[in-house]
file run_9.txt (compact mmCIF, C-alpha atoms)
# COMPACT_ATOMS: atom_id res chain seq x y z
CA MET A 29 0.00 0.00 0.00
CA GLU A 30 1.17 3.46 -0.77
CA THR A 31 2.00 5.42 2.30
CA GLN A 32 1.41 9.10 2.85
CA SER A 33 4.30 10.85 4.43
CA ASN A 34 3.05 14.35 5.07
CA SER A 35 5.80 15.92 7.07
CA MET A 36 4.36 17.17 10.32
CA VAL A 37 7.32 18.73 11.95
CA ASN A 38 7.65 22.45 11.57
CA GLY A 39 11.38 22.65 11.66
CA GLU A 40 11.47 21.10 15.13
CA GLU A 41 13.70 18.19 15.86
CA SER A 42 11.84 14.93 15.77
CA VAL A 43 12.23 12.62 18.71
CA LEU A 44 10.93 9.55 16.95
CA SER A 45 11.20 8.94 13.23
CA ALA A 46 9.96 5.97 11.30
CA LEU A 47 11.57 5.82 7.87
CA GLU A 48 10.12 3.42 5.32
CA LEU A 49 9.51 1.17 8.28
CA SER A 50 8.24 -2.35 7.65
CA LYS A 51 7.68 -5.29 9.95
CA GLU A 52 6.71 -8.76 8.84
CA PHE A 53 5.76 -11.77 10.89
CA GLY A 54 6.23 -14.72 8.58
CA THR A 55 4.06 -13.91 5.63
CA VAL A 56 2.03 -11.28 7.47
CA LYS A 57 2.95 -7.68 6.80
CA ALA A 58 2.12 -5.91 10.04
CA LEU A 59 3.63 -2.60 8.94
CA ASP A 60 4.37 -1.61 5.41
CA GLN A 61 6.78 1.23 4.64
CA VAL A 62 5.57 3.66 7.24
CA THR A 63 7.23 7.05 7.32
CA CYS A 64 6.39 9.48 10.08
CA ARG A 65 8.17 11.95 12.34
CA ILE A 66 7.07 12.82 15.83
CA SER A 67 8.44 16.02 17.25
CA GLY A 68 9.58 16.58 20.81
CA SER A 69 7.07 17.60 23.50
CA SER A 70 4.14 16.64 21.37
CA ILE A 71 1.25 14.34 22.14
CA PHE A 72 0.70 12.11 19.18
CA GLY A 73 -2.33 9.89 18.67
CA LEU A 74 -2.06 6.78 16.57
CA ILE A 75 -5.49 5.62 15.49
CA GLY A 76 -6.56 2.44 13.82
CA SER A 77 -8.78 -0.58 14.19
CA ASN A 78 -7.67 -3.96 15.51
CA GLY A 79 -4.84 -5.34 13.44
CA ALA A 80 -4.00 -2.00 11.85
CA GLY A 81 -0.46 -2.22 13.15
CA LYS A 82 -0.63 0.15 16.15
CA SER A 83 0.89 -2.23 18.69
CA THR A 84 3.55 -3.32 16.23
CA PHE A 85 4.48 0.32 15.70
CA LEU A 86 4.72 0.92 19.46
CA ARG A 87 6.82 -2.21 20.00
CA LEU A 88 9.18 -1.10 17.25
CA ALA A 89 9.37 2.33 18.91
CA ALA A 90 10.12 0.63 22.24
CA GLY A 91 12.89 -1.42 20.67
CA VAL A 92 11.12 -4.70 21.45
CA TYR A 93 10.98 -5.65 17.78
CA LYS A 94 13.60 -5.33 15.12
CA PRO A 95 12.38 -3.78 11.86
CA THR A 96 12.21 -6.10 8.87
CA ALA A 97 13.09 -3.15 6.68
CA GLY A 98 13.48 0.57 7.11
CA GLN A 99 14.35 2.33 10.35
CA MET A 100 12.89 3.35 13.66
CA LEU A 101 15.01 6.14 15.09
CA PHE A 102 15.00 7.76 18.51
CA LYS A 103 16.85 11.09 18.41
CA GLY A 104 18.37 9.97 15.14
CA LYS A 105 19.65 6.59 16.31
CA ALA A 106 18.16 3.13 15.77
CA VAL A 107 16.11 2.05 18.79
CA PHE A 108 16.67 -1.69 18.56
CA GLU A 109 19.44 -2.88 20.89
CA ASN A 110 20.13 0.70 21.91
CA ALA A 111 20.52 0.68 25.69
CA SER A 112 20.65 4.45 26.14
CA ALA A 113 17.44 4.89 24.10
CA LYS A 114 15.73 2.31 26.30
CA GLN A 115 16.56 4.40 29.36
CA GLU A 116 14.46 7.18 27.89
CA ILE A 117 11.65 5.26 26.23
CA LEU A 118 8.95 3.71 28.39
CA PHE A 119 6.27 1.46 27.01
CA VAL A 120 2.92 0.78 28.63
CA ALA A 121 1.48 -2.29 26.96
CA ASP A 122 -2.17 -2.99 26.44
CA GLN A 123 -1.82 -5.91 28.88
CA PRO A 124 0.96 -4.94 31.25
CA TYR A 125 3.28 -7.60 32.54
CA PHE A 126 4.68 -7.35 36.06
CA PRO A 127 7.60 -9.57 37.04
CA PHE A 128 7.05 -8.67 40.71
CA GLU A 129 3.83 -9.03 42.61
CA THR A 130 3.36 -5.59 44.18
CA LEU A 131 3.73 -2.02 43.05
CA GLU A 132 6.27 -1.43 45.81
CA LYS A 133 8.54 -4.18 44.48
CA MET A 134 8.03 -3.02 40.92
CA ALA A 135 9.03 0.50 41.94
CA ARG A 136 12.21 -0.88 43.51
CA LEU A 137 13.00 -2.67 40.25
CA PHE A 138 12.35 0.46 38.20
CA ARG A 139 14.45 2.56 40.57
CA SER A 140 17.38 0.22 39.97
CA LEU A 141 16.84 0.13 36.20
CA TYR A 142 16.10 3.73 35.30
CA LEU A 143 18.59 6.49 36.00
CA ASN A 144 15.90 9.18 35.68
CA TRP A 145 13.61 7.51 38.23
CA ASP A 146 11.89 10.25 40.24
CA GLN A 147 11.01 8.96 43.70
CA ALA A 148 9.19 12.15 44.72
CA LEU A 149 7.08 11.99 41.58
CA TYR A 150 6.35 8.32 42.27
CA GLN A 151 5.10 9.19 45.78
CA GLU A 152 2.98 11.96 44.36
CA LEU A 153 1.50 9.73 41.66
CA LEU A 154 0.57 7.19 44.32
CA ARG A 155 -1.71 9.84 45.79
CA VAL A 156 -3.22 10.64 42.38
CA PHE A 157 -3.77 6.97 41.54
CA PRO A 158 -4.66 5.30 44.83
CA LEU A 159 -3.59 1.78 44.00
CA GLY A 160 -2.04 0.62 47.24
CA GLU A 161 1.66 -0.09 47.07
CA LYS A 162 1.42 -3.43 48.81
CA ASN A 163 -1.59 -4.84 46.98
CA ARG A 164 -1.11 -7.78 44.67
CA LEU A 165 -0.96 -6.51 41.10
CA ASP A 166 -2.22 -9.78 39.64
CA ARG A 167 -5.40 -9.46 41.65
CA MET A 168 -6.15 -5.98 40.36
CA SER A 169 -8.57 -5.33 37.54
CA LYS A 170 -7.21 -4.73 34.08
CA GLY A 171 -7.92 -1.02 34.43
CA LEU A 172 -5.98 -0.77 37.70
CA GLN A 173 -3.09 -2.80 36.32
CA ARG A 174 -2.86 -0.35 33.50
CA GLN A 175 -2.87 2.56 35.93
CA ALA A 176 -0.03 0.88 37.82
CA ALA A 177 1.95 0.45 34.62
CA VAL A 178 1.38 4.07 33.60
CA LEU A 179 2.39 5.29 37.04
CA LEU A 180 5.65 3.35 36.97
CA ALA A 181 6.41 4.49 33.43
CA ILE A 182 5.89 8.17 34.21
CA ALA A 183 7.96 8.03 37.39
CA ALA A 184 10.80 6.51 35.37
CA GLY A 185 11.17 9.96 33.78
CA PRO A 186 10.94 9.01 30.11
CA LYS A 187 11.61 11.36 27.19
CA LEU A 188 9.20 9.26 25.15
CA LEU A 189 6.18 7.57 26.66
CA LEU A 190 4.44 4.95 24.54
CA MET A 191 0.97 3.94 25.61
CA ASP A 192 -1.17 1.25 24.08
CA GLU A 193 -4.85 2.02 24.65
CA ALA A 194 -3.96 3.67 27.95
CA PHE A 195 -7.04 5.87 28.13
CA ASP A 196 -9.51 3.23 27.12
CA GLY A 197 -11.60 2.01 29.99
CA LEU A 198 -10.48 4.62 32.52
CA ASP A 199 -13.27 6.26 34.44
CA PRO A 200 -13.69 10.01 33.79
CA VAL A 201 -11.97 11.09 37.01
CA MET A 202 -8.92 8.91 36.46
CA ARG A 203 -8.84 9.91 32.83
CA GLN A 204 -8.74 13.57 33.79
CA ASN A 205 -6.06 12.87 36.42
CA LEU A 206 -3.94 11.06 33.89
CA LYS A 207 -4.29 13.90 31.41
CA ARG A 208 -3.21 16.41 34.03
CA VAL A 209 -0.16 14.39 34.99
CA LEU A 210 0.82 13.84 31.35
CA ALA A 211 0.25 17.51 30.46
CA ARG A 212 2.52 18.55 33.30
CA GLN A 213 5.30 16.14 32.33
CA VAL A 214 5.11 17.33 28.73
CA ALA A 215 5.33 20.97 29.84
CA ASP A 216 8.00 20.44 32.52
CA GLN A 217 10.17 17.65 31.20
CA GLY A 218 9.62 18.00 27.49
CA MET A 219 8.24 14.48 27.48
CA THR A 220 6.77 13.24 24.21
CA VAL A 221 3.71 11.00 24.31
CA LEU A 222 2.60 8.52 21.70
CA ILE A 223 -0.81 7.04 22.41
CA ALA A 224 -2.40 4.33 20.33
CA SER A 225 -6.12 3.85 20.38
CA GLN A 226 -8.98 2.38 18.42
CA ASN A 227 -11.17 5.16 19.55
CA LEU A 228 -10.81 8.59 18.05
CA ARG A 229 -12.87 10.15 20.83
CA GLU A 230 -10.38 8.99 23.43
CA LEU A 231 -7.72 11.09 21.78
CA GLU A 232 -9.35 14.04 20.11
CA ASP A 233 -9.24 16.42 23.03
CA PHE A 234 -5.69 15.66 24.04
CA CYS A 235 -3.44 15.02 21.06
CA ASP A 236 -1.92 17.71 18.90
CA HIS A 237 -1.25 15.38 15.98
CA VAL A 238 -2.97 12.24 14.81
CA GLY A 239 -1.94 9.54 12.42
CA LEU A 240 -4.31 6.99 10.98
CA LEU A 241 -3.04 3.47 10.47
CA HIS A 242 -4.84 0.98 8.28
CA GLN A 243 -3.66 -2.51 7.34
CA GLY A 244 -0.10 -1.65 8.19
CA GLY A 245 0.00 1.59 6.23
CA LEU A 246 -0.11 5.12 7.55
CA LEU A 247 -2.93 6.86 5.67
CA PHE A 248 -2.24 10.32 6.95
CA VAL A 249 -0.67 12.39 9.68
CA GLU A 250 -2.10 15.77 10.45
CA GLU A 251 -2.29 18.46 13.07
CA LEU A 252 -5.64 17.97 14.79
CA ASP A 253 -6.69 21.61 14.80
CA LYS A 254 -5.81 21.94 11.17
CA LEU A 255 -8.02 18.99 10.30
CA ARG A 256 -10.85 20.40 12.30
CA LEU A 257 -10.58 23.98 11.15
CA SER A 258 -10.41 23.21 7.50
CA ILE A 259 -14.03 22.10 7.29
CA VAL A 260 -17.22 23.80 8.45
CA LYS A 261 -20.73 22.45 8.68
CA ILE A 262 -23.54 24.99 8.51
CA GLN A 263 -27.24 25.11 8.15
CA ALA A 264 -29.05 28.04 6.58
CA ALA A 265 -32.36 29.17 5.18
CA PHE A 266 -32.85 32.00 2.71
CA ALA A 267 -35.87 34.14 1.85
CA GLN A 268 -35.13 33.66 -1.84
CA PRO A 269 -34.09 30.12 -2.75
CA VAL A 270 -30.34 29.94 -3.27
CA SER A 271 -28.94 27.20 -5.44
CA GLN A 272 -25.79 25.23 -4.90
CA ALA A 273 -24.41 26.71 -8.11
CA GLN A 274 -24.97 30.23 -6.83
CA LEU A 275 -23.11 29.48 -3.62
CA ALA A 276 -20.27 27.92 -5.54
CA GLN A 277 -20.14 30.98 -7.76
CA LEU A 278 -19.74 33.18 -4.68
CA GLY A 279 -16.66 31.17 -3.89
CA LEU A 280 -17.98 28.67 -1.38
CA ASN A 281 -16.02 25.43 -1.61
CA ILE A 282 -18.86 22.96 -1.12
CA LEU A 283 -18.05 19.41 -0.12
CA GLN A 284 -21.54 18.25 0.60
CA TYR A 285 -24.89 19.87 0.01
CA LYS A 286 -28.20 18.68 1.45
CA GLU A 287 -31.60 20.31 1.07
CA ARG A 288 -34.35 19.69 3.59
CA GLY A 289 -37.30 21.77 2.53
CA SER A 290 -36.17 25.35 2.77
CA LEU A 291 -33.25 24.43 4.99
CA VAL A 292 -29.88 23.65 3.49
CA GLU A 293 -27.08 21.84 5.23
CA ILE A 294 -23.66 22.46 3.78
CA LEU A 295 -20.29 20.97 4.47
CA ALA A 296 -17.73 23.42 3.14
CA ARG A 297 -14.00 23.76 3.10
CA GLY A 298 -12.67 26.89 4.77
CA THR A 299 -12.59 28.53 8.16
CA GLU A 300 -15.74 29.33 10.07
CA GLU A 301 -15.22 33.04 9.53
CA GLU A 302 -14.72 32.78 5.79
CA VAL A 303 -17.88 30.73 5.38
CA LYS A 304 -19.83 33.02 7.72
CA ARG A 305 -18.91 36.17 5.80
CA LEU A 306 -19.83 34.55 2.53
CA ILE A 307 -23.23 33.33 3.67
CA TRP A 308 -24.03 36.66 5.28
CA THR A 309 -23.77 38.44 1.96
CA LEU A 310 -26.94 36.50 1.04
CA ASP A 311 -28.77 37.77 4.13
CA PRO A 312 -29.98 34.38 5.42
CA LEU A 313 -33.14 34.08 7.49
CA LEU A 314 -31.42 31.48 9.54
CA PHE A 315 -27.79 30.62 9.87
CA ASP A 316 -26.10 28.23 12.25
CA VAL A 317 -22.68 26.68 12.44
CA LEU A 318 -23.19 23.05 13.42
CA PRO A 319 -20.76 21.13 15.61
CA LEU A 320 -18.52 18.90 13.57
CA SER A 321 -17.14 15.81 15.19
CA LEU A 322 -13.62 14.75 14.46
CA GLU A 323 -15.11 11.56 13.15
CA GLU A 324 -16.93 13.51 10.44
CA VAL A 325 -13.70 15.27 9.54
CA PHE A 326 -11.95 11.93 9.29
CA ILE A 327 -14.72 10.50 7.18
CA TYR A 328 -14.32 13.38 4.81
CA GLU A 329 -10.54 13.23 4.71
CA LEU A 330 -10.68 9.53 4.04
CA SER A 331 -13.29 9.78 1.32
CA LEU A 332 -10.84 12.10 -0.41
CA ARG A 333 -8.40 9.25 -0.26
CA GLN A 334 -11.07 6.83 -1.38
CA TYR A 335 -11.30 4.62 1.62
CA ALA A 336 -14.49 3.24 3.00
CA VAL A 337 -14.69 4.54 6.51
CA SER A 338 -16.56 1.61 8.02
CA GLU A 339 -13.50 -0.60 7.74
CA LEU A 340 -11.19 1.91 9.39
CA LEU A 341 -12.79 3.15 12.54
CA ALA A 342 -13.97 0.96 15.34
CA MET B 28 -5.56 32.57 39.13
CA VAL B 29 -8.38 32.62 36.60
CA TYR B 30 -8.93 29.47 34.60
CA PRO B 31 -11.22 29.34 31.58
CA GLU B 32 -14.08 26.94 31.20
CA ILE B 33 -13.70 24.15 28.70
CA ASN B 34 -16.40 22.16 27.03
CA TYR B 35 -15.07 18.90 25.64
CA GLN B 36 -18.34 18.08 23.89
CA SER B 37 -18.74 21.24 21.85
CA GLY B 38 -16.56 20.24 18.92
CA VAL B 39 -14.87 23.64 19.03
CA PRO B 40 -11.07 23.24 19.12
CA LEU B 41 -9.78 23.67 22.64
CA TYR B 42 -7.32 26.44 21.75
CA GLN B 43 -10.20 28.45 20.32
CA GLN B 44 -12.23 27.84 23.44
CA LEU B 45 -9.32 29.10 25.51
CA LYS B 46 -9.04 32.22 23.36
CA ARG B 47 -12.74 32.97 23.44
CA SER B 48 -12.88 32.38 27.13
CA PHE B 49 -10.14 34.94 27.83
CA GLN B 50 -11.72 37.37 25.39
CA ARG B 51 -14.98 37.00 27.27
CA MET B 52 -13.42 37.38 30.69
CA ALA B 53 -11.61 40.49 29.51
CA ALA B 54 -14.75 41.96 27.96
CA LEU B 55 -16.82 41.27 31.08
CA GLY B 56 -14.19 42.80 33.31
CA LEU B 57 -13.52 39.50 35.09
CA MET B 58 -9.87 40.11 34.35
CA ASP B 59 -8.07 43.42 34.64
CA PRO B 60 -5.60 44.94 32.19
CA ASP B 61 -2.03 43.84 33.00
CA GLN B 62 -3.32 40.91 34.99
CA GLN B 63 -1.13 37.85 34.65
CA LEU B 64 -2.46 34.74 32.94
CA PRO B 65 -1.66 31.28 34.24
CA SER B 66 1.55 29.93 32.75
CA VAL B 67 1.32 27.35 30.00
CA ARG B 68 2.43 24.72 32.47
CA GLN B 69 -0.10 25.74 35.13
CA MET B 70 -2.93 25.86 32.65
CA ALA B 71 -2.03 22.52 31.06
CA ALA B 72 -1.58 20.74 34.37
CA GLU B 73 -4.65 22.29 35.96
CA LEU B 74 -7.06 21.61 33.11
CA GLY B 75 -5.43 18.47 31.75
CA ILE B 76 -4.89 20.07 28.35
CA ASN B 77 -2.06 19.45 25.95
CA PRO B 78 0.56 22.19 26.64
CA ASN B 79 0.94 22.70 22.89
CA THR B 80 -2.73 23.61 22.73
CA VAL B 81 -2.31 26.21 25.47
CA GLN B 82 0.81 27.51 23.78
CA LYS B 83 -1.07 27.90 20.53
CA ALA B 84 -3.90 29.82 22.18
CA TYR B 85 -1.41 32.16 23.88
CA ARG B 86 0.53 32.69 20.67
CA GLU B 87 -2.60 33.67 18.77
CA MET B 88 -3.87 35.89 21.58
CA GLU B 89 -0.54 37.66 21.55
CA GLN B 90 -0.66 38.13 17.78
CA GLU B 91 -4.15 39.55 18.10
CA GLY B 92 -3.08 41.92 20.85
CA LEU B 93 -5.28 40.47 23.58
CA ILE B 94 -2.27 39.61 25.70
CA TYR B 95 1.40 40.55 25.79
CA ALA B 96 4.35 38.45 26.83
CA VAL B 97 7.14 39.60 29.12
CA PRO B 98 10.14 37.34 28.59
CA GLY B 99 10.91 35.39 31.74
CA ARG B 100 7.83 36.64 33.54
CA GLY B 101 4.85 35.37 31.62
CA ASN B 102 1.77 36.51 29.79
CA PHE B 103 -0.38 39.49 30.72
CA LEU B 104 -3.72 40.82 29.60
CA SER B 105 -3.37 43.98 27.54
CA GLY B 106 -5.74 46.85 28.02
CA GLN B 107 -6.57 47.08 24.37
CA LYS B 108 -10.13 46.90 23.15
CA GLN B 109 -10.74 43.89 20.96
CA ASP B 110 -12.07 44.10 17.49
CA GLN B 111 -15.53 42.61 17.81
CA THR B 112 -16.80 43.55 14.38
CA LEU B 113 -17.79 40.02 13.53
CA GLU B 114 -19.64 39.47 16.79
CA LYS B 115 -21.45 42.77 16.45
CA GLU B 116 -22.45 41.98 12.91
CA GLU B 117 -23.82 38.66 14.04
CA ILE B 118 -25.77 40.22 16.89
CA ARG B 119 -27.22 42.91 14.67
CA ARG B 120 -28.39 40.22 12.27
CA SER B 121 -30.13 38.26 15.02
CA PHE B 122 -31.75 41.42 16.37
CA ARG B 123 -32.93 42.41 12.93
CA HIS B 124 -34.76 39.12 12.51
CA ALA B 125 -36.20 39.33 15.99
CA ALA B 126 -37.35 42.88 15.24
CA GLN B 127 -39.04 41.67 12.07
CA VAL B 128 -40.96 39.03 13.99
CA ALA B 129 -41.87 41.57 16.67
CA TRP B 130 -43.04 44.05 14.05
CA VAL B 131 -45.31 41.48 12.41
CA ALA B 132 -46.67 40.40 15.79
CA GLY B 133 -47.21 44.04 16.74
CA LEU B 134 -45.14 43.98 19.91
CA ALA B 135 -44.45 47.30 21.63
CA PRO B 136 -40.80 48.47 21.72
CA GLU B 137 -40.90 48.40 25.55
CA THR B 138 -41.78 44.71 25.42
CA LEU B 139 -38.75 44.12 23.24
CA HIS B 140 -36.52 45.93 25.70
CA GLN B 141 -37.96 43.83 28.51
CA ILE B 142 -37.28 40.64 26.56
CA LEU B 143 -33.67 41.70 25.98
CA ASP B 144 -33.24 42.56 29.66
CA SER B 145 -34.58 39.21 30.78
CA CYS B 146 -32.40 37.38 28.26
CA LEU B 147 -29.33 39.16 29.59
CA GLU B 148 -30.42 38.33 33.11
CA GLU B 149 -30.72 34.64 32.19
CA GLN B 150 -27.22 34.72 30.74
CA ARG B 151 -25.84 36.34 33.83
CA GLU B 152 -27.44 33.70 36.04
CA SER B 153 -26.32 30.78 33.91
CA SER B 154 -22.74 31.99 33.82
CA GLU B 155 -22.50 32.40 37.57
call {"tool": "encode", "arguments": {"input": "run_9.txt", "output": "structure tokens"}}
result
Amino acid sequence: METQSNSMVNGEESVLSALELSKEFGTVKALDQVTCRISGSSIFGLIGSNGAGKSTFLRLAAGVYKPTAGQMLFKGKAVFENASAKQEILFVADQPYFPFETLEKMARLFRSLYLNWDQALYQELLRVFPLGEKNRLDRMSKGLQRQAAVLLAIAAGPKLLLMDEAFDGLDPVMRQNLKRVLARQVADQGMTVLIASQNLRELEDFCDHVGLLHQGGLLFVEELDKLRLSIVKIQAAFAQPVSQAQLAQLGLNILQYKERGSLVEILARGTEEEVKRLIWTLDPLLFDVLPLSLEEVFIYELSLRQYAVSELLA
Amino acid sequence: MVYPEINYQSGVPLYQQLKRSFQRMAALGLMDPDQQLPSVRQMAAELGINPNTVQKAYREMEQEGLIYAVPGRGNFLSGQKQDQTLEKEEIRRSFRHAAQVAWVAGLAPETLHQILDSCLEEQRESSE
């Protein structure tokens, strides 16, 4: 599959770069020539359905897998078998594995492994995520185990935090707590976060960039606000019927046009202000800007690339 | 410190919400000229927002003259009046239609004033 490689870094140094990255398991191509650069201090969302290649990408970024072809670079150096990179990259798996039975023992292990381990931060995080240091991790729910893994990873002081589905299944309070902690680490420590999720909604209010993976290929990478601000959905009614052709003649870039009686619903390219000014010249009886979900934006972006959306988003 | 209100369901990009919120607070006098804004870090950590999003809102507010930055000290609200042409235009349009309806229905101007007053009152209450 052809891979889009829209460069997303505005002159900033990228922390993680995948260059023509491929990974095969036997005859299965899990990732196929993915190119993408993730800049420092950003929060990057990797979206895709089951089997799209998200976890493979994260494991390559963590240095767990060796690329079949192409490169996965952390600060310009290959991640695989790179001990100093592994000091700075922490990976929270979908199903965390704990070699020791309590959080306390795990923390002791991490303290001995990671030079950037921040004991004060660990103590603080224990208050934010009340897990109980001496409780058996294997008896905790999946959600709590994930919180424990996230807590340990953050306290290890990573430059790059990789999280597989970390937000999924957190209750709203814990979700908000996690976002606050992550936001602070990004602001204070220049930490970069890469979150993979099946669910666009889990990521849309937190990431600055999103990439969409499908069948091992990266379909696009874009700044979230740019995606969102490039399309406007409005509804309007006019005293004198206005045709689609008339609107187009005025310069409205119409993507979708629906008439419901005297009410028209228009999806147009442009900023809200541009579209507003244009419609106002026609003196509408009614004019509203309708909320546009990120999902709708994606659906549009993908239709441009001729993909059926149903197969891409969970 | 004054923190803006964020609505995650609205579909409006968060950085725009931040901008509008500060514009509103400035216009309503909830913030004073030269008052310091929360730092990017404070805002991000307090609200659980991506620091890059906060940064972007601040950058645009600075470009538009709503705030000014003092290197090493932070961001402050400027005393400048904001250009609200677009908002005013929009309001005038809504009023014009309301006035049309009122005219057809034969409502007295005083009634219209009363309606406006009570609408403003409702807004005041709901934003408290």
call {"tool": "closest_atom_pairs", "arguments": {"input": "run_9.txt", "of": "chain B", "to": "chain A", "cutoff": "8 Å", "atoms": "all atoms listed in the file", "output": "JSON lines"}}
result
{"residue": "B:Tyr35", "atom": "CA", "partner": "A:Asp233", "partner_atom": "CA", "distance": 6.9}
{"residue": "B:Ser37", "atom": "CA", "partner": "A:Pro319", "partner_atom": "CA", "distance": 6.6}
{"residue": "B:Gly38", "atom": "CA", "partner": "A:Pro319", "partner_atom": "CA", "distance": 5.4}
{"residue": "B:Val39", "atom": "CA", "partner": "A:Pro319", "partner_atom": "CA", "distance": 7.3}
{"residue": "B:Pro40", "atom": "CA", "partner": "A:Asp253", "partner_atom": "CA", "distance": 6.4}
{"residue": "B:Leu41", "atom": "CA", "partner": "A:Asp233", "partner_atom": "CA", "distance": 7.3}
{"residue": "B:Val67", "atom": "CA", "partner": "A:Ala215", "partner_atom": "CA", "distance": 7.5}
{"residue": "B:Arg68", "atom": "CA", "partner": "A:Ala215", "partner_atom": "CA", "distance": 5.4}
{"residue": "B:Gln69", "atom": "CA", "partner": "A:Arg212", "partner_atom": "CA", "distance": 7.9}
{"residue": "B:Ala71", "atom": "CA", "partner": "A:Ala211", "partner_atom": "CA", "distance": 5.5}
{"residue": "B:Ala72", "atom": "CA", "partner": "A:Arg208", "partner_atom": "CA", "distance": 4.6}
{"residue": "B:Glu73", "atom": "CA", "partner": "A:Arg208", "partner_atom": "CA", "distance": 6.4}
{"residue": "B:Leu74", "atom": "CA", "partner": "A:Arg208", "partner_atom": "CA", "distance": 6.5}
{"residue": "B:Gly75", "atom": "CA", "partner": "A:Arg208", "partner_atom": "CA", "distance": 3.8}
{"residue": "B:Ile76", "atom": "CA", "partner": "A:Ala211", "partner_atom": "CA", "distance": 6.1}
{"residue": "B:Asn77", "atom": "CA", "partner": "A:Ala211", "partner_atom": "CA", "distance": 5.4}
{"residue": "B:Pro78", "atom": "CA", "partner": "A:Ala215", "partner_atom": "CA", "distance": 5.9}
{"residue": "B:Asn79", "atom": "CA", "partner": "A:Asp236", "partner_atom": "CA", "distance": 7.0}
{"residue": "B:Thr80", "atom": "CA", "partner": "A:Asp236", "partner_atom": "CA", "distance": 7.1}
{"residue": "B:His124", "atom": "CA", "partner": "A:Leu313", "partner_atom": "CA", "distance": 7.3}
call {"tool": "closest_residue", "arguments": {"input": "run_9.txt", "among": "A:Arg65, A:Lys103, A:Arg229, A:Arg174", "to": "A:Phe326", "atoms": "all atoms listed in the file"}}
result
A:Arg229
call {"tool": "atom_distance", "arguments": {"input": "run_9.txt", "atom1": "atom CA of A:Leu241", "atom2": "atom CA of A:Lys105"}}
result
23.6 Å
call {"tool": "residues_near_point", "arguments": {"input": "run_9.txt", "point": "(-3.6, 37.7, 33.3)", "cutoff": "10 Å", "atoms": "all atoms listed in the file", "output": "MDAnalysis selection string"}}
result
chainID B and resid 28:30 49 53 58:66 94:95 101:105
call {"tool": "atom_distance", "arguments": {"input": "run_9.txt", "atom1": "atom CA of A:Lys261", "atom2": "atom CA of A:Val292"}}
result
10.6 Å
call {"tool": "residues_around", "arguments": {"input": "run_9.txt", "residues": "stretch 273-287 of chain A", "least_positions_apart": "3", "cutoff": "8 Å", "atoms": "all atoms listed in the file", "output": "ChimeraX atom specification"}}
result
/A:270,290-298,303,306
call {"tool": "atom_distance", "arguments": {"input": "run_9.txt", "atom1": "atom CA of A:Leu143", "atom2": "atom CA of A:Phe157"}}
result
23.0 Å
call {"tool": "build_atoms", "arguments": {"input": "run_9.txt", "residues": "stretch 39-50 of chain B", "atoms": "N, CA and C atoms", "output": "mmCIF file, keeping the file's coordinate frame"}}
result
data_model
loop_
_atom_site.group_PDB
_atom_site.id
_atom_site.type_symbol
_atom_site.label_atom_id
_atom_site.label_comp_id
_atom_site.auth_asym_id
_atom_site.auth_seq_id
_atom_site.Cartn_x
_atom_site.Cartn_y
_atom_site.Cartn_z
ATOM 1 N N VAL B 39 -15.707 22.476 19.324
ATOM 2 C CA VAL B 39 -14.870 23.640 19.030
ATOM 3 C C VAL B 39 -13.453 23.327 19.523
ATOM 4 N N PRO B 40 -12.442 23.530 18.672
ATOM 5 C CA PRO B 40 -11.070 23.240 19.120
ATOM 6 C C PRO B 40 -10.750 23.915 20.449
ATOM 7 N N LEU B 41 -10.032 23.177 21.299
ATOM 8 C CA LEU B 41 -9.780 23.670 22.640
ATOM 9 C C LEU B 41 -9.032 25.006 22.636
ATOM 10 N N TYR B 42 -8.088 25.185 21.717
ATOM 11 C CA TYR B 42 -7.320 26.440 21.750
ATOM 12 C C TYR B 42 -8.229 27.619 21.439
ATOM 13 N N GLN B 43 -9.251 27.374 20.592
ATOM 14 C CA GLN B 43 -10.200 28.450 20.320
ATOM 15 C C GLN B 43 -11.080 28.730 21.525
ATOM 16 N N GLN B 44 -11.445 27.657 22.214
ATOM 17 C CA GLN B 44 -12.230 27.840 23.440
ATOM 18 C C GLN B 44 -11.449 28.662 24.462
ATOM 19 N N LEU B 45 -10.158 28.357 24.570
ATOM 20 C CA LEU B 45 -9.320 29.100 25.510
ATOM 21 C C LEU B 45 -9.298 30.581 25.127
ATOM 22 N N LYS B 46 -9.090 30.835 23.848
ATOM 23 C CA LYS B 46 -9.040 32.220 23.360
ATOM 24 C C LYS B 46 -10.342 32.955 23.651
ATOM 25 N N ARG B 47 -11.439 32.324 23.240
ATOM 26 C CA ARG B 47 -12.740 32.970 23.440
ATOM 27 C C ARG B 47 -13.036 33.214 24.895
ATOM 28 N N SER B 48 -12.618 32.259 25.709
ATOM 29 C CA SER B 48 -12.880 32.380 27.130
ATOM 30 C C SER B 48 -12.149 33.592 27.728
ATOM 31 N N PHE B 49 -10.890 33.776 27.324
ATOM 32 C CA PHE B 49 -10.140 34.940 27.830
ATOM 33 C C PHE B 49 -10.695 36.238 27.254
ATOM 34 N N GLN B 50 -11.104 36.186 25.992
ATOM 35 C CA GLN B 50 -11.720 37.370 25.390
ATOM 36 C C GLN B 50 -12.954 37.782 26.188
#
